[in-house]
Each structure stands twice: as C-alpha cells, then as structure tokens.
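Asker: Coordinates in my_file04.cif, mmCIF, C-alpha atoms, are listed below.
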```cif
data_upload
loop_
_atom_site.group_PDB
_atom_site.id
_atom_site.type_symbol
_atom_site.label_atom_id
_atom_site.label_comp_id
_atom_site.auth_asym_id
_atom_site.auth_seq_id
_atom_site.Cartn_x
_atom_site.Cartn_y
_atom_site.Cartn_z
ATOM 1 C CA MET R 1 -3.520 -9.347 -4.039
ATOM 2 C CA ALA R 2 -4.615 -5.902 -5.103
ATOM 3 C CA ASN R 3 -5.070 -4.867 -8.717
ATOM 4 C CA VAL R 4 -4.300 -8.286 -10.206
ATOM 5 C CA GLU R 5 -7.669 -8.794 -11.942
ATOM 6 C CA LEU R 6 -8.636 -11.506 -9.459
ATOM 7 C CA THR R 7 -12.131 -12.807 -10.253
ATOM 8 C CA SER R 8 -12.586 -15.546 -7.655
ATOM 9 C CA LEU R 9 -11.424 -16.536 -4.187
ATOM 10 C CA ALA R 10 -12.178 -20.235 -4.772
ATOM 11 C CA LYS R 11 -8.490 -21.230 -4.853
ATOM 12 C CA LEU R 12 -7.472 -19.094 -1.896
ATOM 13 C CA PRO R 13 -5.412 -21.265 0.468
ATOM 14 C CA THR R 14 -6.186 -21.565 4.154
ATOM 15 C CA LEU R 15 -4.398 -18.737 5.922
ATOM 16 C CA SER R 16 -5.710 -18.998 9.463
ATOM 17 C CA LYS R 17 -3.189 -16.516 10.902
ATOM 18 C CA LEU R 18 -3.770 -13.852 8.247
ATOM 19 C CA ARG R 19 -5.203 -10.682 9.779
ATOM 20 C CA LYS R 20 -5.185 -8.172 6.921
ATOM 21 C CA LEU R 21 -6.239 -8.803 3.332
ATOM 22 C CA GLU R 22 -6.013 -6.325 0.444
ATOM 23 C CA LEU R 23 -8.166 -7.319 -2.521
ATOM 24 C CA SER R 24 -8.782 -3.846 -3.923
ATOM 25 C CA ASP R 25 -9.211 -3.040 -7.610
ATOM 26 C CA ASP R 26 -9.840 -6.602 -8.723
ATOM 27 C CA VAL R 27 -12.982 -7.956 -10.438
ATOM 28 C CA ILE R 28 -14.475 -9.963 -7.573
ATOM 29 C CA SER R 29 -18.279 -10.090 -7.692
ATOM 30 C CA GLY R 30 -19.069 -12.858 -5.195
ATOM 31 C CA GLY R 31 -17.815 -15.944 -3.416
ATOM 32 C CA LEU R 32 -16.855 -14.058 -0.254
ATOM 33 C CA GLU R 33 -18.091 -16.902 1.985
ATOM 34 C CA VAL R 34 -14.742 -18.609 1.276
ATOM 35 C CA LEU R 35 -13.002 -15.996 3.457
ATOM 36 C CA ALA R 36 -14.669 -17.108 6.702
ATOM 37 C CA GLY R 37 -13.427 -20.662 6.309
ATOM 38 C CA ARG R 38 -9.939 -19.924 5.032
ATOM 39 C CA CYS R 39 -9.055 -16.581 6.649
ATOM 40 C CA PRO R 40 -11.137 -16.523 9.854
ATOM 41 C CA ASN R 41 -8.964 -13.980 11.693
ATOM 42 C CA LEU R 42 -9.222 -11.085 9.259
ATOM 43 C CA THR R 43 -9.676 -7.746 10.995
ATOM 44 C CA PRO R 44 -9.404 -5.276 8.097
ATOM 45 C CA LEU R 45 -10.603 -6.368 4.654
ATOM 46 C CA ASN R 46 -10.252 -4.138 1.612
ATOM 47 C CA LEU R 47 -12.557 -4.993 -1.279
ATOM 48 C CA SER R 48 -12.719 -1.500 -2.761
ATOM 49 C CA GLY R 49 -12.937 -1.172 -6.520
ATOM 50 C CA ASN R 50 -14.437 -4.626 -7.110
ATOM 51 C CA LYS R 51 -17.678 -5.674 -8.865
ATOM 52 C CA ILE R 52 -19.745 -6.211 -5.708
ATOM 53 C CA LYS R 53 -23.297 -5.122 -6.554
ATOM 54 C CA ASP R 54 -25.647 -6.264 -3.819
ATOM 55 C CA LEU R 55 -25.933 -6.711 -0.071
ATOM 56 C CA SER R 56 -26.364 -10.484 -0.301
ATOM 57 C CA THR R 57 -22.745 -10.704 -1.434
ATOM 58 C CA VAL R 58 -21.623 -8.667 1.584
ATOM 59 C CA GLU R 59 -23.807 -10.772 3.882
ATOM 60 C CA ALA R 60 -21.383 -13.665 3.368
ATOM 61 C CA LEU R 61 -18.907 -11.777 5.571
ATOM 62 C CA GLN R 62 -21.059 -12.238 8.704
ATOM 63 C CA ASN R 63 -19.017 -15.293 9.655
ATOM 64 C CA LEU R 64 -15.806 -13.253 9.870
ATOM 65 C CA LYS R 65 -16.247 -12.681 13.604
ATOM 66 C CA ASN R 66 -12.993 -10.691 14.014
ATOM 67 C CA LEU R 67 -13.683 -8.325 11.124
ATOM 68 C CA LYS R 68 -13.476 -4.719 12.347
ATOM 69 C CA SER R 69 -12.969 -2.729 9.153
ATOM 70 C CA LEU R 70 -14.439 -3.296 5.694
ATOM 71 C CA ASP R 71 -13.720 -1.176 2.635
ATOM 72 C CA LEU R 72 -16.149 -1.371 -0.288
ATOM 73 C CA PHE R 73 -15.371 2.067 -1.736
ATOM 74 C CA ASN R 74 -15.941 2.235 -5.520
ATOM 75 C CA CYS R 75 -18.044 -0.940 -5.557
ATOM 76 C CA ASP R 76 -21.534 -0.731 -7.091
ATOM 77 C CA VAL R 77 -23.089 -1.769 -3.768
ATOM 78 C CA THR R 78 -22.170 1.657 -2.356
ATOM 79 C CA ASN R 79 -24.759 3.269 -4.667
ATOM 80 C CA LEU R 80 -27.663 1.450 -2.981
ATOM 81 C CA GLU R 81 -30.027 3.501 -0.873
ATOM 82 C CA ASP R 82 -29.172 3.267 2.846
ATOM 83 C CA TYR R 83 -26.020 1.351 1.937
ATOM 84 C CA ARG R 84 -24.059 2.270 5.065
ATOM 85 C CA GLU R 85 -26.897 1.588 7.491
ATOM 86 C CA SER R 86 -27.657 -1.739 5.800
ATOM 87 C CA VAL R 87 -24.049 -2.947 5.926
ATOM 88 C CA PHE R 88 -23.623 -1.927 9.576
ATOM 89 C CA GLU R 89 -26.857 -3.814 10.352
ATOM 90 C CA LEU R 90 -25.738 -6.917 8.418
ATOM 91 C CA LEU R 91 -22.183 -6.950 9.789
ATOM 92 C CA GLN R 92 -22.581 -5.925 13.397
ATOM 93 C CA GLN R 93 -18.984 -6.920 14.188
ATOM 94 C CA ILE R 94 -17.479 -4.156 12.049
ATOM 95 C CA ALA R 95 -16.587 -0.781 13.514
ATOM 96 C CA TYR R 96 -15.572 0.892 10.241
ATOM 97 C CA LEU R 97 -17.012 0.856 6.747
ATOM 98 C CA ASP R 98 -15.081 2.615 3.989
ATOM 99 C CA GLY R 99 -12.873 4.272 6.590
ATOM 100 C CA PHE R 100 -15.686 5.701 8.763
ATOM 101 C CA ASP R 101 -17.642 4.434 11.763
ATOM 102 C CA GLN R 102 -21.461 4.504 12.060
ATOM 103 C CA LYS R 103 -21.363 8.126 13.227
ATOM 104 C CA ASP R 104 -19.207 9.140 10.230
ATOM 105 C CA ASN R 105 -16.064 9.562 12.317
ATOM 106 C CA GLU R 106 -12.963 8.774 10.288
ATOM 107 C CA ALA R 107 -10.992 5.721 11.347
ATOM 108 C CA SER R 108 -7.681 6.584 12.928
ATOM 109 C CA ASP R 109 -4.551 5.039 11.478
ATOM 110 C CA SER R 110 -3.409 4.157 14.994
ATOM 111 C CA GLU R 111 -5.165 0.772 14.952
ATOM 112 C CA ASP R 112 -3.219 -0.351 11.883
ATOM 113 C CA GLU R 113 -0.034 1.226 13.229
ATOM 114 C CA ASP R 114 -0.468 -0.572 16.565
ATOM 115 C CA ASP R 115 -0.788 -3.887 14.748
ATOM 116 C CA GLU R 116 2.271 -3.169 12.613
ATOM 117 C CA GLU R 117 4.314 -1.988 15.606
ATOM 118 C CA GLY R 118 3.431 -5.172 17.466
ATOM 119 C CA ASP R 119 4.597 -7.229 14.486
ATOM 120 C CA GLU R 120 7.839 -5.240 14.229
ATOM 121 C CA GLU R 121 8.533 -5.691 17.928
ATOM 122 C CA ASP R 122 8.048 -9.442 17.587
ATOM 123 C CA GLU R 123 10.429 -9.534 14.631
ATOM 124 C CA GLU R 124 13.019 -7.408 16.462
ATOM 125 C CA ASP R 125 12.914 -9.737 19.458
ATOM 126 C CA GLU R 126 13.690 -12.664 17.182
ATOM 127 C CA ASP R 127 16.542 -10.868 15.375
ATOM 128 C CA GLU R 128 18.306 -9.299 18.353
ATOM 129 C CA ALA R 129 21.265 -10.986 19.929
ATOM 130 C CA GLY R 130 23.530 -9.769 22.671
ATOM 131 C CA PRO R 131 27.087 -10.570 23.557
ATOM 132 C CA PRO R 132 28.201 -14.206 23.527
ATOM 133 C CA GLY R 133 26.391 -16.405 26.001
ATOM 134 C CA GLU R 134 23.441 -14.035 26.531
ATOM 135 C CA TYR R 135 20.698 -15.806 24.636
ATOM 136 C CA GLU R 136 17.819 -18.115 25.343
ATOM 137 C CA GLU R 137 18.191 -21.651 24.112
ATOM 138 C CA ASP R 138 15.570 -22.833 21.657
ATOM 139 C CA GLU R 139 14.110 -26.297 22.009
ATOM 140 C CA ASP R 140 15.716 -27.127 18.649
ATOM 141 C CA ASP R 141 19.156 -26.312 20.094
ATOM 142 C CA ALA R 142 18.671 -28.540 23.148
ATOM 143 C CA GLY R 143 20.055 -31.597 21.361
ATOM 144 C CA SER R 144 23.183 -29.963 19.942
ATOM 145 C CA ASP R 145 26.500 -31.732 19.452
ATOM 146 C CA LEU R 146 28.178 -29.895 22.321
ATOM 147 C CA GLY R 147 29.302 -31.948 25.278
ATOM 148 C CA GLU R 148 27.797 -31.502 28.700
ATOM 149 C CA GLY R 149 28.978 -28.300 30.354
ATOM 150 C CA GLU R 150 30.142 -26.780 27.048
ATOM 151 C CA GLU R 151 28.383 -23.656 25.838
ATOM 152 C CA GLU R 152 28.167 -22.448 22.270
ATOM 153 C CA GLU R 153 28.924 -18.761 21.919
ATOM 154 C CA GLU R 154 26.622 -16.952 19.512
ATOM 155 C CA VAL R 155 26.868 -13.338 18.451
ATOM 156 C CA GLY R 156 24.093 -11.713 16.463
ATOM 157 C CA LEU R 157 24.568 -9.233 13.638
ATOM 158 C CA LEU R 158 22.914 -6.465 15.632
ATOM 159 C CA TYR R 159 25.504 -6.877 18.396
ATOM 160 C CA LEU R 160 28.354 -6.783 15.901
ATOM 161 C CA MET R 161 27.005 -3.634 14.291
ATOM 162 C CA MET R 162 26.709 -1.859 17.655
ATOM 163 C CA LYS R 163 30.306 -2.551 18.632
ATOM 164 C CA GLU R 164 33.450 -1.331 16.935
ATOM 165 C CA ILE R 165 35.123 -4.659 16.537
ATOM 166 C CA GLN R 166 38.750 -4.682 15.492
ATOM 167 C CA ASP R 167 41.409 -7.309 15.404
ATOM 168 C CA GLU R 168 43.714 -6.055 18.143
ATOM 169 C CA ASP R 169 46.551 -8.453 17.251
ATOM 170 C CA ASP R 170 47.057 -7.374 13.647
ATOM 171 C CA ASP R 171 46.970 -3.679 12.796
ATOM 172 C CA ASP R 172 49.205 -4.112 9.713
ATOM 173 C CA ASP R 173 48.004 -4.492 6.154
ATOM 174 C CA TYR R 174 47.807 -8.002 4.850
ATOM 175 C CA VAL R 175 50.867 -9.091 2.909
ATOM 176 C CA GLU R 176 50.828 -12.386 1.076
ATOM 177 C CA GLU R 177 53.742 -14.553 2.136
ATOM 178 C CA GLY R 178 56.289 -15.506 -0.505
ATOM 179 C CA GLY R 179 55.201 -12.701 -2.775
ATOM 180 C CA ASP R 180 57.557 -10.833 -5.084
ATOM 181 C CA GLU R 181 59.431 -8.237 -3.046
ATOM 182 C CA GLU R 182 59.198 -5.698 -5.859
ATOM 183 C CA GLU R 183 55.381 -6.060 -5.933
ATOM 184 C CA GLU R 184 55.315 -5.940 -2.143
ATOM 185 C CA GLY R 185 57.107 -2.615 -2.269
ATOM 186 C CA ARG R 186 54.550 -1.134 -4.589
ATOM 187 C CA PHE R 187 51.588 -2.071 -2.421
ATOM 188 C CA CYS R 188 52.863 -1.916 1.144
ATOM 189 C CA LYS R 189 55.200 0.429 2.892
ATOM 190 C CA ALA R 190 57.786 -1.302 5.031
#
```
Taking this structure as input, can you express it in the form of structure tokens?
Answerer:
Amino acid sequence: MANVELTSLAKLPTLSKLRKLELSDDVISGGLEVLAGRCPNLTPLNLSGNKIKDLSTVEALQNLKNLKSLDLFNCDVTNLEDYRESVFELLQQIAYLDGFDQKDNEASDSEDEDDEEGDEEDEEDEDEAGPPGEYEEDEDDAGSDLGEGEEEEEVGLLYLMMKEIQDEDDDDDYVEEGGDEEEEGRFCKA
C-alpha cells in the first residue's frame, strides 16, 4: 500500500499471517498501534516517506514482537537528535533501522531473499505434479466419487511441459469427414 496517500490504518483488516508491509510514501502520521493487533507477525515494516514526527508515534511499534527491520527514511522523526539511538532503545526487537544495524552495518538483502525463496519453494511444491499416480492425496480428495480400489490419474502442467507428448496413433493432419473433396484437396495432400 505504498504511495497511495494513505492517512490512517484504522480500517486495516486483520492479517495475522502477513510478514512484510510496505507503507512508504503515504501520509501516515500516527495510529501505528493498530499494526500490533492486526498484523502481529510483521518482520520488515517500511514507513519511509510518511508524516511521522515524534518518537511517541514509533513507540507504538513495541508490541510488534517479530519486527526485525523498520524503515523511517524521509520521515520528520529522522531529524531528531539521537534519532537512531532512541529508536533502537525503544524498539529493542529490531535489528535494522533505515537499512542499517546499530553499528551502521548495512542490512544484507539475503534475509529478504531467504524469505522469498522459502515462499517460492512452498508454491512450487504445491504446483508440481509428476506422472499419473505419483501424488499425495489431499484430505479433500478422500471422499471422491471413485469406487474402492480405483485410482484417479492426475497429471500436472509441469509434467506435461517437461515431456514431449504426442499422439502416437494419429500422425496425419485432421480432415473433417464428409467435407468437399475439392476443398480437401486444397488443404491436405493425399
């Protein structure tokens, strides 16, 4: 929800599984306490470019126990004296503030990449399918219409794309039956 002129998080739905939230370049100035109740598993949170002016607003993020990275770049609060030290003291759970740790070491992209790779692997596992009969049965499939002892053969798209599948019985071009012989001659060689 970046750069959409968002002013409030009051109507944010509960997203308990959400781990990453991008709220950059909006006009949010407060109300961050909503995040702890509705998005408790956030690890990175990007609030850069918003209208956050004081530390009391940031203090509301203390209840985000899983928060590891917070970005407040281009917010007025960053102009306060001892800003970085104060935020690290307030939010002891965070490892990175504005892309840097307490010792001013830049955050590596590997943390985000690891999370994304894990998500991609999960998605790939769900999408992959092998040859017919080589799949795990879901609980939803347990009550299928098949009789006892019958197995449903399922082939996934990935399997079909990996194999060169051809119809071995019919190598000829399709010719519509009962068609005009003259037309047939123009389109198909006998």
Asker: Taking into account all atoms listed in the file, which residue in the set R:Asp101, R:Asp26, R:Glu89, R:Asp82 is nearest to R:Asn50?
Answerer: R:Asp26
Asker: Quote the spacing between atom CA of R:Leu91 and atom CA of R:Gln62 in Å to one decimal place.
Answerer: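 Distance between the two atoms: 5.5 Å.
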Asker: One number please: atom CA of R:Ile52 to atom CA of R:Cys75, in Å, one decimal.
Answerer: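 Value for the atom CA of R:Ile52-atom CA of R:Cys75 distance: 5.5 Å.
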Asker: From the list R:Gly99, R:Gly30, R:Pro44, R:Pro13, which residue is nearest R:Thr57 when using all atoms listed in the file?
Answerer: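 Of R:Gly99, R:Gly30, R:Pro44, R:Pro13, the one nearest R:Thr57, counting all atoms listed in the file, is R:Gly30.
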Asker: What is the atom CA of R:Val27-atom CA of R:Val58 distance in Å, reported with one decimal?
Answerer: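 Taking atom CA of R:Val27 as the start and atom CA of R:Val58 as the end point, the length is 14.8 Å.
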Asker: Which is closer to R:Cys39 than all the others in R:Lys53, R:Asn63, R:Asn79, R:Thr14, using all atoms listed in the file?
Answerer: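 Nearest candidate to R:Cys39 out of R:Lys53, R:Asn63, R:Asn79, R:Thr14: R:Thr14.
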Asker: Evaluate the PyMOL selection byres ((chain R and resi 95) around 12) against this structure - the residues, as a VMD selection string, please.
Answerer: chain R and resid 43 to 44 65 to 71 84 87 to 89 91 to 94 96 to 108 111
Asker: Could you tell me which of R:Asn41, R:Leu47, R:Leu80, R:Leu32 comes closest to R:Leu61 if we count all atoms listed in the file?
Answerer: R:Leu32
Asker: I'd like to know which of R:Leu55, R:Leu90, R:Ile28, R:Leu15 is closest to R:Leu42, using all atoms listed in the file.
Answerer: R:Leu15
Asker: Give me the residues near R:Ser24 as a list in words, where near means some atom within 9 Å (using only C-alpha atoms) and where sequence neighbours in that chain fewer than 4 positions away do not count.
Answerer: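 Within the cut-off, the hits are Met1, Ala2, Asn3, Val4, Asn46, Leu47, Ser48, Gly49, Asn50, Asp71 and Leu72 of chain R.
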Asker: Would you save the residues from that selection as a compact mmCIF listing (two decimals), in the frame of the given file, using C-alpha atoms?
Answerer:
```txt
# COMPACT_ATOMS: atom_id res chain seq x y z
CA MET R 1 -3.52 -9.35 -4.04
CA ALA R 2 -4.62 -5.90 -5.10
CA ASN R 3 -5.07 -4.87 -8.72
CA VAL R 4 -4.30 -8.29 -10.21
CA ASN R 46 -10.25 -4.14 1.61
CA LEU R 47 -12.56 -4.99 -1.28
CA SER R 48 -12.72 -1.50 -2.76
CA GLY R 49 -12.94 -1.17 -6.52
CA ASN R 50 -14.44 -4.63 -7.11
CA ASP R 71 -13.72 -1.18 2.64
CA LEU R 72 -16.15 -1.37 -0.29
```
Asker: Nearest to R:Phe73: which of R:Ser86, R:Lys51, R:Gly37, R:Leu18 is it, counting all atoms listed in the file?
Answerer: R:Lys51
